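Colleague: Next up is a structure, given as C-alpha cells.
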Amino acid sequence: MIGKIKELAKKYEKEIIETRRRFHQNPETSWKEVETTKYIAETLKKLGCENIKVGFGGTQCGVTAEIVGKPGANEKCVALRADIDALPLKDEKDVPYKSQNENATHACGHDAHTAMLLAAARILTDIKADLKGKVRLLFQPAEEHGVNPGAKALVDGGAMEGVDAVFGIHVMSTTPSGEFWYRVGPFMAAADGWELTISGKGGHGSTPETAIDPTIAAGQIIGAFQSIVAREVSAKDTAVVSIGGVKTSSFVFNIIPERAEMNGSVRTFRPEVQDHVEEAMKRIVDGVCAGTRCRGEFKYSRFLPATINEEKTTLLAKSVAEELFGAAKVKESPLNMGSEDFSYYSRIAPSAFAYLGTASAEKKSDMPHHSPKFDVDESVLFMGAAMHAAFAWSCLEGKK
Ligand SMILES: [Zn+2]
Ligand SMILES: [Zn+2]
C-alpha cells in the first residue's frame, strides 16, 4: 500500500505544486486566513470529506474534516496537521508565483504544508476502502502568532477529541532537499517571554547620591541572568535565556533615569528546567533590586510548550519514511531551539512531528525561514503528501 500511496502522490505532483503556488500568491497572516480557509473547505467538500468544521477561536479561520474508512473495522482516529498562515513580510523573491499581497508572504512554508495535506486528503480518499479507521485533517490558522496560537484554538474547539495519534511535517530550508528528519522525545523548545521594569529615583548625573539609579540594577541583572544557564542548569539539559531589549526612561548624558526596562525570551525543553529558570530570574531580580534600593516588576509569560515526540509514534513515522524515501534519506534530527504550536497537540495525543528537507542551493530554497527570500524546493512536496497519507494508513493498520 505504501508503494501505491507514493504512486498516487507522484500522480498528483503537478496539482500539489499548483496549489502551493496558489496559496503562495494569496497569503494571509495569522487569524486572517479567511479566503485560505474557504478554499480548503471547498476542496475537502468536493473530495467528500465528512464532519467539516470551519472557524476556530471565534473566527472564520481554520478547518477540520474527516475521512472515514471501513465502518466497524477500527475505532481508531489519526490526526494529520498543517498550518495555513503567512507572515507580515514583503515578498522579495523574483518568481512567477510571487505574493500578490504587499504585506504578507509565505516565508515559513505553510503554503507547502497546506498543499501537501490537501493532496494527502485526496490520496486517502482514493484508498478510503482500505482505511481501518478514520483520519482527521487539521488545517490550523495562526501558527506564527505566538501569543494566541491557532493550535490551542483547535484543541479548545474539540479537534483533538478521540485522537489516538497525531502527525505533522514542517518543511525545513536548513535540511538537505528530500531528507526526512525525525526525533524521539524533546524536539522543539518551549518559548517563554519576560518583561522587567526597574524603578529608581531620577536625578542629576553629577550627584548620584541624591538619586537611585535603575541602570546599575539593570546592569547587574543582565550579568546575573547569564549565570542561570551556566551555573544552575545541568550541562545535560539545555536552556537559553536571552535579553531582547534594554531601555531607560531618559537618554541624556547628565540625567540619571527614573526607570529601566528590559525584555527577552527563554527557551527550554524539560518542564523542570523551565520552572527553575523562571524561579531563578525572579530571585535575581528581587535580590539585585533589594541590594540597589530599586523596585523591580517582573512578568514571565509562557507562550508555547515544548514539542515532545512520543517514541512509538515517531518510530512508526521513521519506518514509513524509510520505505518511502529510502533509509539513507531518513535521519535523526538534532534538538531545535525554535518553537512550534504543534506542542498543543503533542500534549494530548502521542505525536510525531518531523522535518522535510527542502534546502537546495541550486533552487534557491536554502534561505532562512522568515526571510523575505524564503522559498521551498517544490520537487519534494509530493513526498510530504505521501508521508502524511502513508503514516495515517500505517497507523490505522495497527502498525504502532
Ligand atoms: Zn515560522
Ligand atoms: Zn513554520
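Ordering of the C-alpha cells sets the chain letters (A, B, ...); residue numbers start at 1 within each chain; ligands are numbered from 1 in the order shown.
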Which residues of chain A sit at most 8 Å from ligand 2, using only C-alpha atoms and all ligand atoms? Give each one's shortest atom pair and distance in Å (one decimal place), in chain and ascending residue order, as JSON lines.

Modeller:
{"residue": "A:Asp83", "atom": "CA", "partner": "ligand 2", "partner_atom_place_in_ligand_line": "1 (Zn)", "distance": 7.6}
{"residue": "A:Cys108", "atom": "CA", "partner": "ligand 2", "partner_atom_place_in_ligand_line": "1 (Zn)", "distance": 4.7}
{"residue": "A:Gly109", "atom": "CA", "partner": "ligand 2", "partner_atom_place_in_ligand_line": "1 (Zn)", "distance": 6.3}
{"residue": "A:His110", "atom": "CA", "partner": "ligand 2", "partner_atom_place_in_ligand_line": "1 (Zn)", "distance": 6.1}
{"residue": "A:Glu143", "atom": "CA", "partner": "ligand 2", "partner_atom_place_in_ligand_line": "1 (Zn)", "distance": 6.9}
{"residue": "A:Glu144", "atom": "CA", "partner": "ligand 2", "partner_atom_place_in_ligand_line": "1 (Zn)", "distance": 6.8}
{"residue": "A:His170", "atom": "CA", "partner": "ligand 2", "partner_atom_place_in_ligand_line": "1 (Zn)", "distance": 6.5}
{"residue": "A:Val171", "atom": "CA", "partner": "ligand 2", "partner_atom_place_in_ligand_line": "1 (Zn)", "distance": 7.9}
{"residue": "A:Glu340", "atom": "CA", "partner": "ligand 2", "partner_atom_place_in_ligand_line": "1 (Zn)", "distance": 7.3}
{"residue": "A:His369", "atom": "CA", "partner": "ligand 2", "partner_atom_place_in_ligand_line": "1 (Zn)", "distance": 7.7}

Colleague: When you look at Lys331 of chain A with a cut-off of 9 Å (counting only C-alpha atoms), what residues show up, excluding the ones that are within fewer than 4 positions of it in the same chain? I need them as a count of residues only.

Modeller: 7

Colleague: Can you write out as a tab-separated table which residues of chain A fall within 12 Å of ligand 1, alongside each residue's closest atom pair and its distance in Å to one decimal, counting only C-alpha atoms and all ligand atoms and ordering rows by chain and ascending residue number?

Modeller:
residue	atom	partner	partner_atom_place_in_ligand_line	distance
A:Thr29	CA	ligand 1	1 (Zn)	11.3
A:Ser30	CA	ligand 1	1 (Zn)	11.0
A:Asp83	CA	ligand 1	1 (Zn)	9.8
A:Ile84	CA	ligand 1	1 (Zn)	10.8
A:Asp85	CA	ligand 1	1 (Zn)	9.1
A:Ala86	CA	ligand 1	1 (Zn)	8.3
A:Leu87	CA	ligand 1	1 (Zn)	7.7
A:Pro88	CA	ligand 1	1 (Zn)	11.1
A:Leu89	CA	ligand 1	1 (Zn)	11.8
A:Thr105	CA	ligand 1	1 (Zn)	11.0
A:His106	CA	ligand 1	1 (Zn)	9.0
A:Ala107	CA	ligand 1	1 (Zn)	7.2
A:Cys108	CA	ligand 1	1 (Zn)	4.5
A:Gly109	CA	ligand 1	1 (Zn)	7.7
A:His110	CA	ligand 1	1 (Zn)	8.0
A:Asp111	CA	ligand 1	1 (Zn)	11.3
A:His113	CA	ligand 1	1 (Zn)	11.8
A:Ala142	CA	ligand 1	1 (Zn)	10.1
A:Glu143	CA	ligand 1	1 (Zn)	7.4
A:Glu144	CA	ligand 1	1 (Zn)	5.6
A:His145	CA	ligand 1	1 (Zn)	9.3
A:Gly146	CA	ligand 1	1 (Zn)	9.9
A:His170	CA	ligand 1	1 (Zn)	9.4
A:Val171	CA	ligand 1	1 (Zn)	10.2
A:Met172	CA	ligand 1	1 (Zn)	10.2
A:Ser173	CA	ligand 1	1 (Zn)	11.4
A:Gly338	CA	ligand 1	1 (Zn)	9.1
A:Ser339	CA	ligand 1	1 (Zn)	8.8
A:Glu340	CA	ligand 1	1 (Zn)	8.2
A:Asp341	CA	ligand 1	1 (Zn)	10.3
A:Phe342	CA	ligand 1	1 (Zn)	12.0
A:Pro368	CA	ligand 1	1 (Zn)	10.0
A:His369	CA	ligand 1	1 (Zn)	6.4
A:His370	CA	ligand 1	1 (Zn)	6.0
A:Ser371	CA	ligand 1	1 (Zn)	9.8
A:Phe374	CA	ligand 1	1 (Zn)	10.8

Colleague: Would you return as a PyMOL selection string the members of segment 138-363 of chain A that DSSP assigns to helix (DSSP H, G or I) on this structure's backbone?

Modeller: chain A and resi 150-156+208-210+214-232+271-291+311-325+327-329+343-346

Colleague: Quick one: DSSP strand (DSSP E) residues in segment 246-395 of chain A, as a ChimeraX atom specification?

Modeller: /A:246-248,255-256,259-268,295-304,307-309,330-332,351-359

Colleague: Which one is closest to Ala224 of chain A: A:Asp275, A:Gly205, A:Glu323, A:Lys282? Count only C-alpha atoms.

Modeller: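 The closest residue to Ala224 of chain A is A:Lys282.
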
Colleague: From the set A:Ala354, A:Met367, A:Val320, A:Val233, which residue has the shortest atom-to-atom contact distance to Gln274 of chain A, counting only C-alpha atoms?

Modeller: A:Val233

Colleague: What's around Ala151 of chain A at 10 Å? Count only C-alpha atoms, leave out sequence neighbours fewer than 2 positions away in its own chain, and write the answer as an mmCIF file with N, CA and C atoms, in the first residue's frame.

Modeller:
data_model
loop_
_atom_site.group_PDB
_atom_site.id
_atom_site.type_symbol
_atom_site.label_atom_id
_atom_site.label_comp_id
_atom_site.auth_asym_id
_atom_site.auth_seq_id
_atom_site.Cartn_x
_atom_site.Cartn_y
_atom_site.Cartn_z
ATOM 1 N N PHE A 56 -12.405 28.662 13.922
ATOM 2 C CA PHE A 56 -11.979 28.355 15.295
ATOM 3 C C PHE A 56 -11.597 29.641 16.011
ATOM 4 N N GLY A 57 -11.629 29.589 17.345
ATOM 5 C CA GLY A 57 -11.248 30.757 18.149
ATOM 6 C C GLY A 57 -12.152 31.956 17.889
ATOM 7 N N GLY A 62 -9.527 28.445 9.814
ATOM 8 C CA GLY A 62 -9.213 27.078 10.220
ATOM 9 C C GLY A 62 -10.311 26.097 9.825
ATOM 10 N N ARG A 81 -1.769 17.187 10.630
ATOM 11 C CA ARG A 81 -1.882 18.639 10.805
ATOM 12 C C ARG A 81 -1.079 19.441 9.789
ATOM 13 N N ASP A 83 -0.362 23.807 9.129
ATOM 14 C CA ASP A 83 -0.660 25.193 9.494
ATOM 15 C C ASP A 83 -0.784 25.991 8.202
ATOM 16 N N LEU A 138 -6.353 18.440 10.184
ATOM 17 C CA LEU A 138 -6.349 19.690 10.942
ATOM 18 C C LEU A 138 -5.643 20.767 10.120
ATOM 19 N N PHE A 139 -6.408 21.715 9.607
ATOM 20 C CA PHE A 139 -5.815 22.866 8.907
ATOM 21 C C PHE A 139 -5.938 24.053 9.854
ATOM 22 N N GLN A 140 -4.877 24.312 10.578
ATOM 23 C CA GLN A 140 -4.994 25.311 11.647
ATOM 24 C C GLN A 140 -4.459 26.687 11.266
ATOM 25 N N PRO A 141 -5.129 27.735 11.725
ATOM 26 C CA PRO A 141 -4.609 29.080 11.499
ATOM 27 C C PRO A 141 -3.518 29.420 12.515
ATOM 28 N N ALA A 142 -2.873 30.563 12.303
ATOM 29 C CA ALA A 142 -2.115 31.275 13.340
ATOM 30 C C ALA A 142 -1.040 30.486 14.073
ATOM 31 N N GLU A 143 -0.246 29.710 13.325
ATOM 32 C CA GLU A 143 0.900 29.073 13.995
ATOM 33 C C GLU A 143 1.919 30.124 14.384
ATOM 34 N N ASN A 148 -1.352 34.020 20.638
ATOM 35 C CA ASN A 148 -2.678 33.400 20.519
ATOM 36 C C ASN A 148 -2.591 32.279 19.479
ATOM 37 N N PRO A 149 -1.987 31.158 19.855
ATOM 38 C CA PRO A 149 -1.699 30.127 18.846
ATOM 39 C C PRO A 149 -2.946 29.406 18.326
ATOM 40 N N ALA A 153 -6.491 27.009 19.806
ATOM 41 C CA ALA A 153 -7.898 27.237 19.449
ATOM 42 C C ALA A 153 -8.531 25.955 18.900
ATOM 43 N N LEU A 154 -7.775 25.187 18.120
ATOM 44 C CA LEU A 154 -8.314 23.928 17.598
ATOM 45 C C LEU A 154 -8.548 22.933 18.727
ATOM 46 N N VAL A 155 -7.588 22.851 19.650
ATOM 47 C CA VAL A 155 -7.731 21.947 20.794
ATOM 48 C C VAL A 155 -8.964 22.359 21.606
ATOM 49 N N ASP A 156 -9.100 23.649 21.884
ATOM 50 C CA ASP A 156 -10.257 24.142 22.646
ATOM 51 C C ASP A 156 -11.567 23.876 21.903
ATOM 52 N N GLY A 157 -11.493 23.845 20.580
ATOM 53 C CA GLY A 157 -12.678 23.583 19.764
ATOM 54 C C GLY A 157 -12.977 22.097 19.588
ATOM 55 N N ALA A 159 -10.903 19.669 18.415
ATOM 56 C CA ALA A 159 -10.282 18.997 17.267
ATOM 57 C C ALA A 159 -9.472 17.752 17.647
ATOM 58 N N MET A 160 -9.070 17.657 18.911
ATOM 59 C CA MET A 160 -8.239 16.507 19.298
ATOM 60 C C MET A 160 -9.038 15.431 20.044
ATOM 61 N N GLU A 340 7.094 25.545 18.226
ATOM 62 C CA GLU A 340 6.006 25.159 17.321
ATOM 63 C C GLU A 340 4.758 25.001 18.166
ATOM 64 N N ASP A 341 3.644 25.515 17.673
ATOM 65 C CA ASP A 341 2.434 25.304 18.472
ATOM 66 C C ASP A 341 1.852 23.904 18.272
ATOM 67 N N PHE A 342 2.507 23.074 17.440
ATOM 68 C CA PHE A 342 2.167 21.652 17.356
ATOM 69 C C PHE A 342 2.218 21.021 18.753
ATOM 70 N N SER A 343 3.007 21.651 19.642
ATOM 71 C CA SER A 343 3.144 21.164 21.018
ATOM 72 C C SER A 343 1.794 21.018 21.723
ATOM 73 N N TYR A 344 0.808 21.837 21.344
ATOM 74 C CA TYR A 344 -0.520 21.708 21.978
ATOM 75 C C TYR A 344 -1.162 20.368 21.642
ATOM 76 N N TYR A 345 -0.883 19.860 20.435
ATOM 77 C CA TYR A 345 -1.421 18.541 20.073
ATOM 78 C C TYR A 345 -0.606 17.446 20.762
#

Colleague: Tell me, counting only C-alpha atoms, for each residue of segment 120-207 of chain A within 12 Å of segment 241-248 of chain A, which pair of atoms is nearest and how far apart they are in Å to one decimal, in rows ordered by chain and increasing number, as a tab-separated table.

Modeller:
residue	atom	partner	partner_atom	distance
A:Ala190	CA	A:Val241	CA	12.0
A:Ala191	CA	A:Val241	CA	10.6
A:Asp192	CA	A:Val241	CA	9.6
A:Gly193	CA	A:Ser242	CA	9.3
A:Trp194	CA	A:Ile243	CA	9.0
A:Glu195	CA	A:Gly245	CA	9.5
A:Leu196	CA	A:Val246	CA	9.5
A:Thr197	CA	A:Thr248	CA	9.6
A:Ile198	CA	A:Thr248	CA	9.3
A:Ser199	CA	A:Thr248	CA	10.0
A:Gly200	CA	A:Thr248	CA	10.9
A:Gly202	CA	A:Thr248	CA	10.8

Colleague: To one decimal in Å, tell me the separation between atom CA of Ile5 of chain A and atom CA of Ala41 of chain A.

Modeller: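 Computing the Euclidean distance for atom CA of Ile5 of chain A and atom CA of Ala41 of chain A yields 23.0 Å.
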
Colleague: What does the distance between atom CA of Arg302 of chain A and atom CA of Gly168 of chain A come to in Å, to one decimal place?

Modeller: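 Distance reported for this atom pair: 22.6 Å.
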
Colleague: Quick one, how far is atom CA of Val34 of chain A from atom CA of Ala385 of chain A?

Modeller: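 Going from atom CA of Val34 of chain A over to atom CA of Ala385 of chain A, I get 23.4 Å.
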
Colleague: Point out the residue among A:Phe253, A:Phe382, A:Phe187, A:Phe225 with the least atom-to-atom distance to Gly203 of chain A, counting only C-alpha atoms.

Modeller: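 Checking each candidate against Gly203 of chain A, we get A:Phe253 as the closest.
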
Colleague: From the set A:Ile216, A:Ile2, A:Ala79, A:Ala115, which residue has the shortest atom-to-atom contact distance to Asp130 of chain A, counting only C-alpha atoms?

Modeller: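 Smallest distance to Asp130 of chain A is found for A:Ile2.
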
Colleague: If we count only C-alpha atoms, what is near Arg21 of chain A at a cut-off of 9 Å, once residues fewer than 3 positions away on the same chain are taken out, given as a list in words?

Modeller: Ile16, Ile17, Glu18, His24, Gln25, Asn26, Tyr97, Lys98, Asp111, Ala112 and Ala115 of chain A

Colleague: Once you have the residues from the selection above, write them out as an mmCIF file, in the first residue's frame, restricted to C-alpha atoms.

Modeller:
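In the end it all went to selection27.cif:
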data_model
loop_
_atom_site.group_PDB
_atom_site.id
_atom_site.type_symbol
_atom_site.label_atom_id
_atom_site.label_comp_id
_atom_site.auth_asym_id
_atom_site.auth_seq_id
_atom_site.Cartn_x
_atom_site.Cartn_y
_atom_site.Cartn_z
ATOM 1 C CA ILE A 16 0.287 19.905 -5.399
ATOM 2 C CA ILE A 17 2.740 22.453 -6.831
ATOM 3 C CA GLU A 18 -0.080 24.470 -8.423
ATOM 4 C CA HIS A 24 1.851 31.483 -2.102
ATOM 5 C CA GLN A 25 0.335 34.181 -4.308
ATOM 6 C CA ASN A 26 -2.541 34.799 -1.905
ATOM 7 C CA TYR A 97 4.253 32.908 -8.124
ATOM 8 C CA LYS A 98 5.391 35.883 -6.020
ATOM 9 C CA ASP A 111 1.680 27.144 1.917
ATOM 10 C CA ALA A 112 3.576 23.921 1.190
ATOM 11 C CA ALA A 115 -0.893 21.869 -0.286
#

Colleague: Return the single residue from A:Ser249, A:Gly58, A:Ser99, A:Leu47 that is closest to Arg22 of chain A, with distances computed using only C-alpha atoms.

Modeller: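 With only C-alpha atoms as the atom set, the closest residue is A:Ser99.
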
Colleague: As a ChimeraX atom specification, please: the residues near Arg270 of chain A (cut-off 10 Å, only C-alpha atoms, same-chain neighbours under 5 positions excluded).

Modeller: /A:186,189-190,237-239,275,305-306,308

Colleague: Quick one: write out the picked residues with N, CA and C atoms as a PDB file, in the first residue's frame?

Modeller:
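In the end it all went to selection.pdb:
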ATOM      1  N   PRO A 186      12.015  15.087  23.387  1.00  0.00           N
ATOM      2  CA  PRO A 186      12.028  16.535  23.177  1.00  0.00           C
ATOM      3  C   PRO A 186      12.587  16.882  21.798  1.00  0.00           C
ATOM      4  N   ALA A 189      11.704  23.554  21.329  1.00  0.00           N
ATOM      5  CA  ALA A 189      11.707  24.121  22.688  1.00  0.00           C
ATOM      6  C   ALA A 189      10.386  24.782  23.079  1.00  0.00           C
ATOM      7  N   ALA A 190      10.216  24.928  24.391  1.00  0.00           N
ATOM      8  CA  ALA A 190       9.142  25.768  24.919  1.00  0.00           C
ATOM      9  C   ALA A 190       9.595  27.214  24.755  1.00  0.00           C
ATOM     10  N   ASP A 237      21.209  19.242  30.402  1.00  0.00           N
ATOM     11  CA  ASP A 237      19.977  19.882  29.938  1.00  0.00           C
ATOM     12  C   ASP A 237      20.335  21.046  29.020  1.00  0.00           C
ATOM     13  N   THR A 238      19.305  21.644  28.446  1.00  0.00           N
ATOM     14  CA  THR A 238      19.532  22.770  27.551  1.00  0.00           C
ATOM     15  C   THR A 238      18.567  23.891  27.889  1.00  0.00           C
ATOM     16  N   ALA A 239      19.059  25.109  27.876  1.00  0.00           N
ATOM     17  CA  ALA A 239      18.188  26.275  28.063  1.00  0.00           C
ATOM     18  C   ALA A 239      18.852  27.488  27.445  1.00  0.00           C
ATOM     19  N   ASP A 275      10.631  25.633  34.968  1.00  0.00           N
ATOM     20  CA  ASP A 275      10.255  26.141  36.305  1.00  0.00           C
ATOM     21  C   ASP A 275      11.466  26.743  37.000  1.00  0.00           C
ATOM     22  N   PRO A 305       4.361  25.546  24.788  1.00  0.00           N
ATOM     23  CA  PRO A 305       5.045  24.421  25.434  1.00  0.00           C
ATOM     24  C   PRO A 305       6.085  23.791  24.498  1.00  0.00           C
ATOM     25  N   ALA A 306       6.915  22.927  25.040  1.00  0.00           N
ATOM     26  CA  ALA A 306       7.896  22.213  24.207  1.00  0.00           C
ATOM     27  C   ALA A 306       7.174  21.133  23.397  1.00  0.00           C
ATOM     28  N   ILE A 308       7.193  17.528  22.301  1.00  0.00           N
ATOM     29  CA  ILE A 308       7.815  16.272  22.729  1.00  0.00           C
ATOM     30  C   ILE A 308       7.204  15.151  21.893  1.00  0.00           C
TER      31      ILE A 308
END

Colleague: Which residue is closest to Ser319 of chain A? Choose from A:Val135, A:Ile255, A:Cys395, A:Leu356 and count only C-alpha atoms.

Modeller: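 Closest to Ser319 of chain A of all the choices is A:Cys395.
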